[in-house]
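What follows is a short report on a single structure.
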Amino acid sequence: MSKTTFGYPIEKLCGKISRHSRVIHACTAKGEQITYLQGTRDLVAHPITSDESANHSAFATKQKSVAARLKPDSSTYAADVAAFRAQYATGYKTLRAYLWHNI
């Protein structure tokens, strides 16, 4: 992704300029604006790296763990709900977000 610098008169641009464009202007959570091309990845020019594979595996493992702990019949469900309720006022607003942070 490349960073985009916008000049006057544009203050903020998110999304596509037209529906046929492959260029996406995205606004990040930090307030930055980036530009990238939408489409399928060319795996010959940009193959999947070992870091990407490791990240995919870690994400899949974490997702399965969270999904298992969200089931009411799991062994840790009562403890997870109690800990979630204890931190609710100052922390995460959903049990799923709380578990994602703590696993």
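Residue names in the structure tokens use chain letters A, B, ... in the order shown, residue numbers from 1 in each chain, and ligand numbers from 1 in the order shown.
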**Message:** For the alpha helix (DSSP H) assignment from backbone DSSP, which residues of range 31-91 of chain A qualify? Please present them as an MDAnalysis selection string.
**Reply:** chainID A and resid 50:70 77:87
**Item:** Shell of 10 Å around range 59-67 of chain A, only C-alpha atoms, local chain residues under 6 positions omitted, as a PyMOL selection string
**Value:** chain A and resi 53+74+95-103
